[in-house]
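**Q** mmCIF, C-alpha atoms and all ligand atoms, saved as query37.cif, coming up:
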```cif
data_run
#
loop_
_atom_site.label_atom_id
_atom_site.label_comp_id
_atom_site.auth_asym_id
_atom_site.auth_seq_id
_atom_site.Cartn_x
_atom_site.Cartn_y
_atom_site.Cartn_z
CA MET A 90 8.37 15.83 -18.74
CA GLY A 91 5.66 17.13 -16.45
CA TYR A 92 2.44 18.96 -17.13
CA VAL A 93 -0.44 20.79 -15.48
CA LYS A 94 -3.75 20.03 -17.20
CA TRP A 95 -6.87 22.03 -16.34
CA LEU A 96 -9.94 19.81 -16.06
CA GLY A 97 -12.22 22.83 -15.38
CA HIS A 98 -13.03 24.96 -12.29
CA ALA A 99 -10.44 24.05 -9.59
CA ALA A 100 -9.78 20.54 -10.94
CA PHE A 101 -6.32 19.78 -12.27
CA GLU A 102 -4.40 16.72 -13.40
CA ILE A 103 -0.72 17.22 -12.73
CA LYS A 104 2.20 15.04 -13.79
CA LEU A 105 5.25 15.66 -11.65
CA ASP A 106 8.32 13.39 -11.35
CA GLY A 107 6.36 10.70 -13.19
CA LYS A 108 3.44 10.73 -10.73
CA VAL A 109 -0.13 11.68 -11.67
CA ILE A 110 -1.87 13.92 -9.14
CA LEU A 111 -5.52 14.98 -9.24
CA VAL A 112 -6.48 18.09 -7.30
CA ASP A 113 -10.14 18.80 -6.43
CA PRO A 114 -11.63 16.48 -9.07
CA TRP A 115 -15.15 17.88 -9.45
CA LEU A 116 -16.30 16.65 -12.85
CA ARG A 117 -19.88 15.35 -12.62
CA GLY A 118 -22.15 18.41 -12.64
CA ASN A 119 -19.25 20.74 -13.46
CA PRO A 120 -20.46 22.74 -16.49
CA LYS A 121 -16.84 23.30 -17.61
CA ALA A 122 -15.54 19.76 -16.95
CA TYR A 123 -13.20 18.49 -19.61
CA CYS A 124 -14.09 14.85 -18.98
CA SER A 125 -16.26 12.61 -16.79
CA PRO A 126 -15.01 10.91 -13.60
CA GLU A 127 -14.96 7.59 -15.50
CA GLU A 128 -12.64 9.02 -18.17
CA VAL A 129 -10.07 10.50 -15.83
CA ASN A 130 -6.55 9.01 -15.87
CA ALA A 131 -5.87 6.80 -12.83
CA PRO A 132 -4.05 9.06 -10.35
CA ASP A 133 -1.28 8.12 -7.92
CA ILE A 134 -2.46 10.86 -5.55
CA ILE A 135 -5.66 12.89 -5.03
CA LEU A 136 -5.40 16.17 -3.09
CA ILE A 137 -8.57 17.72 -1.64
CA THR A 138 -8.43 21.39 -0.60
CA HIS A 139 -11.79 21.48 1.25
CA ASP A 140 -15.15 19.78 1.36
CA HIS A 141 -17.32 22.15 -0.69
CA SER A 142 -18.95 20.05 -3.39
CA ASP A 143 -17.15 21.88 -6.22
CA HIS A 144 -13.83 20.64 -4.74
CA LEU A 145 -14.46 17.32 -2.97
CA GLY A 146 -16.42 16.53 -6.10
CA ASP A 147 -15.96 12.97 -7.40
CA SER A 148 -12.95 12.19 -5.18
CA VAL A 149 -14.56 9.24 -3.39
CA GLU A 150 -15.82 7.60 -6.59
CA ILE A 151 -12.47 8.03 -8.39
CA ALA A 152 -10.51 6.85 -5.34
CA LYS A 153 -12.57 3.68 -4.95
CA ARG A 154 -12.08 2.82 -8.62
CA THR A 155 -8.36 3.65 -8.96
CA ASN A 156 -6.92 3.33 -5.41
CA PRO A 157 -4.66 6.39 -5.15
CA THR A 158 -3.40 7.93 -1.91
CA VAL A 159 -5.94 10.60 -0.95
CA VAL A 160 -4.68 13.61 1.01
CA ALA A 161 -6.98 15.93 2.96
CA ILE A 162 -7.14 17.85 6.20
CA TYR A 163 -7.53 15.52 9.18
CA GLU A 164 -11.31 15.80 9.69
CA ILE A 165 -12.05 15.26 5.99
CA SER A 166 -9.63 12.32 5.90
CA GLU A 167 -11.65 10.64 8.67
CA SER A 168 -14.90 11.12 6.75
CA LEU A 169 -13.23 9.66 3.63
CA ARG A 170 -12.29 6.55 5.61
CA ASP A 171 -15.91 6.28 6.78
CA LYS A 172 -16.95 6.39 3.12
CA GLY A 173 -14.67 3.43 2.35
CA VAL A 174 -11.55 5.12 0.95
CA SER A 175 -8.68 2.99 2.25
CA ASP A 176 -5.43 4.84 1.42
CA VAL A 177 -5.84 8.17 3.18
CA VAL A 178 -3.35 10.70 4.56
CA GLY A 179 -4.85 13.16 7.06
CA MET A 180 -2.73 16.22 7.73
CA ASN A 181 -3.10 19.81 8.86
CA ILE A 182 -2.03 23.35 8.01
CA GLY A 183 1.76 23.73 7.87
CA GLY A 184 2.30 19.98 7.90
CA SER A 185 4.23 18.13 5.26
CA ALA A 186 4.00 14.53 4.17
CA LYS A 187 6.07 12.32 1.92
CA VAL A 188 3.53 10.87 -0.51
CA LYS A 189 4.86 8.52 -3.22
CA ASP A 190 8.26 10.30 -3.28
CA LEU A 191 6.73 13.78 -3.50
CA GLU A 192 6.67 16.27 -0.65
CA VAL A 193 3.14 17.54 -0.03
CA ILE A 194 2.84 20.63 2.19
CA MET A 195 -0.58 21.78 3.36
CA VAL A 196 -0.73 25.59 3.41
CA PRO A 197 -3.44 27.99 4.66
CA ALA A 198 -6.40 29.22 2.61
CA TYR A 199 -8.84 31.91 3.84
CA HIS A 200 -12.24 30.42 3.15
CA SER A 201 -14.92 28.24 4.83
CA SER A 202 -15.73 24.54 4.88
CA HIS A 203 -18.24 22.13 6.44
CA ILE A 204 -15.61 20.20 8.40
CA GLY A 205 -11.91 20.77 8.92
CA SER A 206 -10.32 23.94 7.53
CA PRO A 207 -9.81 24.95 3.92
CA ALA A 208 -6.27 24.52 2.62
CA GLY A 209 -3.96 24.89 -0.33
CA TYR A 210 -1.10 22.60 -1.31
CA LEU A 211 2.52 22.89 -2.30
CA ILE A 212 3.58 19.82 -4.25
CA VAL A 213 7.36 19.68 -4.17
CA GLY A 214 9.07 17.49 -6.74
CA LYS A 215 12.47 17.42 -8.43
CA GLU A 216 11.05 18.88 -11.65
CA ALA A 217 9.04 21.72 -10.07
CA THR A 218 7.17 23.02 -7.04
CA ILE A 219 3.49 23.48 -7.82
CA TYR A 220 1.07 25.50 -5.68
CA HIS A 221 -2.68 24.91 -5.81
CA ALA A 222 -4.21 27.74 -3.78
CA GLY A 223 -7.64 26.13 -3.30
CA ASP A 224 -10.41 28.62 -2.62
CA THR A 225 -8.94 31.60 -0.81
CA GLY A 226 -9.19 35.28 -0.18
CA LEU A 227 -6.08 37.40 -0.24
CA PHE A 228 -3.60 36.51 2.51
CA GLY A 229 0.12 37.02 3.03
CA ASP A 230 1.54 33.97 4.74
CA ILE A 231 2.14 32.11 1.50
CA LYS A 232 5.26 34.20 0.99
CA TYR A 233 6.91 32.55 3.99
CA TYR A 234 6.23 29.08 2.59
CA ALA A 235 7.52 30.21 -0.81
CA GLU A 236 10.77 31.46 0.72
CA LEU A 237 11.41 27.92 1.91
CA ARG A 238 10.07 26.23 -1.22
CA PRO A 239 10.25 28.62 -4.20
CA ILE A 240 7.14 28.13 -6.32
CA THR A 241 7.50 27.25 -9.99
CA ILE A 242 3.83 27.14 -11.03
CA ALA A 243 0.90 28.67 -9.11
CA LEU A 244 -2.77 27.81 -9.72
CA VAL A 245 -4.77 30.78 -8.44
CA PRO A 246 -8.53 31.46 -8.16
CA ILE A 247 -9.65 34.70 -9.83
CA GLY A 248 -13.47 34.41 -10.01
CA GLY A 249 -14.30 36.75 -7.10
CA LEU A 250 -17.38 36.42 -4.85
CA PHE A 251 -16.10 33.23 -3.13
CA THR A 252 -12.38 33.89 -3.66
CA MET A 253 -9.94 36.57 -4.77
CA ASP A 254 -10.78 38.48 -7.93
CA SER A 255 -8.31 39.18 -10.75
CA LEU A 256 -6.76 42.28 -9.15
CA GLN A 257 -6.35 40.66 -5.73
CA ALA A 258 -5.03 37.47 -7.32
CA GLY A 259 -2.46 39.44 -9.32
CA TYR A 260 -1.29 41.20 -6.15
CA PHE A 261 -1.23 37.83 -4.35
CA VAL A 262 1.06 36.38 -7.04
CA GLY A 263 3.36 39.36 -6.47
CA LEU A 264 3.90 38.17 -2.89
CA PHE A 265 5.72 35.02 -4.00
CA LYS A 266 6.60 35.61 -7.67
CA PRO A 267 6.31 32.17 -9.24
CA LYS A 268 7.75 31.46 -12.71
CA VAL A 269 4.26 30.73 -14.04
CA ALA A 270 0.74 31.61 -12.81
CA ILE A 271 -2.39 29.90 -14.15
CA PRO A 272 -5.86 31.34 -13.34
CA MET A 273 -8.66 29.00 -12.22
CA HIS A 274 -12.07 29.00 -10.45
CA TYR A 275 -13.73 31.45 -12.86
CA ASP A 276 -16.42 31.36 -15.58
CA THR A 277 -17.80 28.04 -14.31
CA PHE A 278 -21.12 29.77 -13.62
CA PRO A 279 -22.28 33.41 -13.98
CA ALA A 280 -21.54 34.34 -10.33
CA ILE A 281 -17.79 33.91 -10.87
CA LYS A 282 -17.45 35.45 -14.30
CA ALA A 283 -13.99 36.94 -14.79
CA ASN A 284 -11.66 38.04 -17.56
CA PRO A 285 -8.29 36.25 -17.20
CA GLU A 286 -6.66 39.11 -19.11
CA ASP A 287 -7.43 41.38 -16.13
CA PHE A 288 -5.48 38.86 -14.03
CA GLU A 289 -2.65 38.90 -16.56
CA ARG A 290 -2.49 42.72 -16.39
CA ALA A 291 -2.41 42.65 -12.57
CA VAL A 292 0.35 40.03 -12.53
CA LYS A 293 2.36 42.14 -14.99
CA LYS A 294 2.10 45.04 -12.54
CA TYR A 295 2.86 43.19 -9.30
CA SER A 296 5.10 40.37 -10.52
CA PRO A 297 6.62 41.31 -13.89
CA SER A 298 8.90 38.25 -13.93
CA THR A 299 5.91 35.86 -13.78
CA ARG A 300 4.47 34.43 -16.98
CA VAL A 301 0.68 34.08 -17.00
CA VAL A 302 -0.58 31.02 -18.86
CA ILE A 303 -4.32 31.05 -19.62
CA LEU A 304 -5.68 27.56 -20.25
CA ASN A 305 -9.02 26.29 -21.51
CA PRO A 306 -10.40 23.15 -19.85
CA GLY A 307 -8.54 20.18 -21.37
CA GLU A 308 -5.42 22.21 -22.16
CA SER A 309 -2.05 21.62 -20.51
CA TYR A 310 1.01 23.62 -19.60
CA GLU A 311 4.11 21.46 -20.00
CA PHE A 312 7.31 21.91 -18.06
NI NI B 1 -15.19 26.60 -1.52
MN MN B 2 -15.06 26.68 -4.82
#
```
When written as structure tokens, how does the structure in this file appear?
**A**
Amino acid sequence: MGYVKWLGHAAFEIKLDGKVILVDPWLRGNPKAYCSPEEVNAPDIILITHDHSDHLGDSVEIAKRTNPTVVAIYEISESLRDKGVSDVVGMNIGGSAKVKDLEVIMVPAYHSSHIGSPAGYLIVGKEATIYHAGDTGLFGDIKYYAELRPITIALVPIGGLFTMDSLQAGYFVGLFKPKVAIPMHYDTFPAIKANPEDFERAVKKYSPSTRVVILNPGESYEF
């Protein structure tokens, strides 16, 4: 059985086809972190959406301790190698990579970053296809990717200011109609305060077949 566990902010621990995947593990300094970087389960894979500190987070420290394959956009992958991370996959938007028997597809995200470009990920396994949207504003191209790889579970930012807000995120979900949508990247600090029930209402309007699952940090959705 697989699960998606929210570690707080944009950080998730995912179990898919028996593999443990960490996405954007920012834990130290994260006011909503469920656990510390030392307490995190050893991942098989770490995915990094972009190099803002609330996403790159503790990736290097966790990678050096647990030796997973770390996936990032090409420029960030080079900087990870310079920092001593040995097992690195550098890719780019639209690319796909076979990583430990899972298919990882890097998809666009409308945002900024220090180096490289921001991204989201589709993680395609036998049990499910999971989409982590990263930090992004509203954009439409995800529906093309989802036609090729129908999305089971979508992790979508709703906090506004730096990303989509609840209404935009609900409309966004309507573009690709996943089975389940889980809100993230809100309420970590006052600037991104949001009510996930506003997101749930917007999803009901634009994608009635999608179930919204609202998690607290440390809680999991099992599939
Ligand atoms: Ni960001
Ligand atoms: Mn962010």
**Q** Write out as a ChimeraX atom specification each polymer residue (protein, DNA or RNA) that has an atom no more than 10 Å from ligand NI 1 (chain B), with all atoms listed in the file counted.
**A** /A:99,138-145,199-203,207,223-225,251-252,274
**Q** Print the selection's residues with C-alpha atoms to a file, as a compact mmCIF listing (two decimals), in the coordinates of the input.
**A**
```txt
# COMPACT_ATOMS: atom_id res chain seq x y z
CA ALA A 99 -10.44 24.05 -9.59
CA THR A 138 -8.43 21.39 -0.60
CA HIS A 139 -11.79 21.48 1.25
CA ASP A 140 -15.15 19.78 1.36
CA HIS A 141 -17.32 22.15 -0.69
CA SER A 142 -18.95 20.05 -3.39
CA ASP A 143 -17.15 21.88 -6.22
CA HIS A 144 -13.83 20.64 -4.74
CA LEU A 145 -14.46 17.32 -2.97
CA TYR A 199 -8.84 31.91 3.84
CA HIS A 200 -12.24 30.42 3.15
CA SER A 201 -14.92 28.24 4.83
CA SER A 202 -15.73 24.54 4.88
CA HIS A 203 -18.24 22.13 6.44
CA PRO A 207 -9.81 24.95 3.92
CA GLY A 223 -7.64 26.13 -3.30
CA ASP A 224 -10.41 28.62 -2.62
CA THR A 225 -8.94 31.60 -0.81
CA PHE A 251 -16.10 33.23 -3.13
CA THR A 252 -12.38 33.89 -3.66
CA HIS A 274 -12.07 29.00 -10.45
```
**Q** Just the number, please: distance in Å from atom CA of Gly214 of chain A to atom CA of Leu191 of chain A, one decimal.
**A**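 Between atom CA of Gly214 of chain A and atom CA of Leu191 of chain A the gap is 5.5 Å.
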**Q** Of the residues A:Phe228, A:Trp115, A:Tyr92, A:Tyr310, which is the one nearest to ligand MN 2 (chain B), using only C-alpha atoms and all ligand atoms?
**A**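 The closest residue to ligand MN 2 (chain B) is A:Trp115.
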**Q** Hey, which of A:Asp113, A:Glu192, A:Glu311, A:Asp230 ends up closest to Phe265 of chain A? Count all atoms listed in the file.
**A** A:Asp230
**Q** Within 7 Å of (-1.9, 11.3, -13.4) (coordinates as in the file), grab all the protein and nucleic acid residues, counting all atoms listed in the file, and write them out as a list in words.
**A**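 Protein and nucleic acid residues near the point are Glu102, Ile103, Lys104, Lys108, Val109, Ile110, Leu111, Asn130, Ala131, Pro132 and Asp133 of chain A.
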**Q** Considering all atoms listed in the file, can you say which of A:Pro279, A:Gly173, A:Pro272, A:Gly229 comes closest to Phe101 of chain A?
**A**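 Once distances to Phe101 of chain A are computed over all atoms listed in the file, the minimum belongs to A:Pro272.
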**Q** What separation in Å, quoted to one decimal, exists between atom CA of Asp287 of chain A and atom CA of Glu308 of chain A?
**A**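 Atom CA of Asp287 of chain A sits 20.2 Å away from atom CA of Glu308 of chain A.
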**Q** Please identify all polymer residues within 12 Å of Glu128 of chain A, counting all atoms listed in the file, omitting same-chain residues fewer than 3 positions from it, and present them as number ranges by chain.
**A** A: 96, 114, 116-117, 122-125, 131-132, 147, 151, 154-155
**Q** Go ahead and save the picked residues with C-alpha atoms, as an mmCIF file, in the coordinates of the input.
**A**
```cif
data_model
loop_
_atom_site.group_PDB
_atom_site.id
_atom_site.type_symbol
_atom_site.label_atom_id
_atom_site.label_comp_id
_atom_site.auth_asym_id
_atom_site.auth_seq_id
_atom_site.Cartn_x
_atom_site.Cartn_y
_atom_site.Cartn_z
ATOM 1 C CA LEU A 96 -9.940 19.810 -16.060
ATOM 2 C CA PRO A 114 -11.630 16.480 -9.070
ATOM 3 C CA LEU A 116 -16.300 16.650 -12.850
ATOM 4 C CA ARG A 117 -19.880 15.350 -12.620
ATOM 5 C CA ALA A 122 -15.540 19.760 -16.950
ATOM 6 C CA TYR A 123 -13.200 18.490 -19.610
ATOM 7 C CA CYS A 124 -14.090 14.850 -18.980
ATOM 8 C CA SER A 125 -16.260 12.610 -16.790
ATOM 9 C CA ALA A 131 -5.870 6.800 -12.830
ATOM 10 C CA PRO A 132 -4.050 9.060 -10.350
ATOM 11 C CA ASP A 147 -15.960 12.970 -7.400
ATOM 12 C CA ILE A 151 -12.470 8.030 -8.390
ATOM 13 C CA ARG A 154 -12.080 2.820 -8.620
ATOM 14 C CA THR A 155 -8.360 3.650 -8.960
#
```
**Q** Using only C-alpha atoms and all ligand atoms, which of the listed residues (A:Asn181, A:Asn284, A:Asn305, A:Thr277) sits closest to ligand MN 2 (chain B)?
**A**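 Comparing A:Asn181, A:Asn284, A:Asn305, A:Thr277 against ligand MN 2 (chain B), the winner is A:Thr277.
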**Q** Could you tell me how far atom CA of Glu236 of chain A lies from atom CA of Pro285 of chain A, in Å and to one decimal?
**A**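 Value for the atom CA of Glu236 of chain A-atom CA of Pro285 of chain A distance: 26.6 Å.
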**Q** Could you check the closest approach to Leu250 of chain A for each of A:Gly118, A:Lys266, A:Val301, A:Phe278 and tell me which residue wins, using all atoms listed in the file?
**A**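 Smallest distance to Leu250 of chain A is found for A:Phe278.
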**Q** Determine the axis-aligned bounding box of all atoms of segment 168-182 of chain A present in the file, pad each side by 5 Å, and express its centre and edge lengths in Å to one decimal place as lines of an AutoDock Vina configuration file.
**A**
```
center_x = -9.5
center_y = 13.2
center_z = 4.9
size_x = 24.9
size_y = 30.4
size_z = 17.9
```
**Q** From the set A:Ile212, A:Ser148, A:Met195, A:Thr218, which residue has the shortest atom-to-atom contact distance to Leu169 of chain A, counting only C-alpha atoms?
**A**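 Of the candidates, the smallest distance to Leu169 of chain A is held by A:Ser148.
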**Q** Report as a PyMOL selection string all protein, DNA and RNA residues lying within 9 Å of Ser298 of chain A, evaluated on only C-alpha atoms, omitting residues in the same chain fewer than 5 positions from it.
**A** chain A and resi 266-269+292-293
**Q** Would you list the contacts of Ile194 of chain A as an mmCIF file with C-alpha atoms, keeping the file's coordinate frame, taking every protein, DNA or RNA residue within 8 Å and counting all atoms listed in the file, but skipping same-chain residues closer than 6 positions in sequence?
**A**
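Contents of result24.cif, as written:
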```
data_model
loop_
_atom_site.group_PDB
_atom_site.id
_atom_site.type_symbol
_atom_site.label_atom_id
_atom_site.label_comp_id
_atom_site.auth_asym_id
_atom_site.auth_seq_id
_atom_site.Cartn_x
_atom_site.Cartn_y
_atom_site.Cartn_z
ATOM 1 C CA GLY A 183 1.760 23.730 7.870
ATOM 2 C CA GLY A 184 2.300 19.980 7.900
ATOM 3 C CA SER A 185 4.230 18.130 5.260
ATOM 4 C CA ALA A 186 4.000 14.530 4.170
ATOM 5 C CA TYR A 210 -1.100 22.600 -1.310
ATOM 6 C CA LEU A 211 2.520 22.890 -2.300
ATOM 7 C CA ILE A 212 3.580 19.820 -4.250
ATOM 8 C CA VAL A 213 7.360 19.680 -4.170
#
```
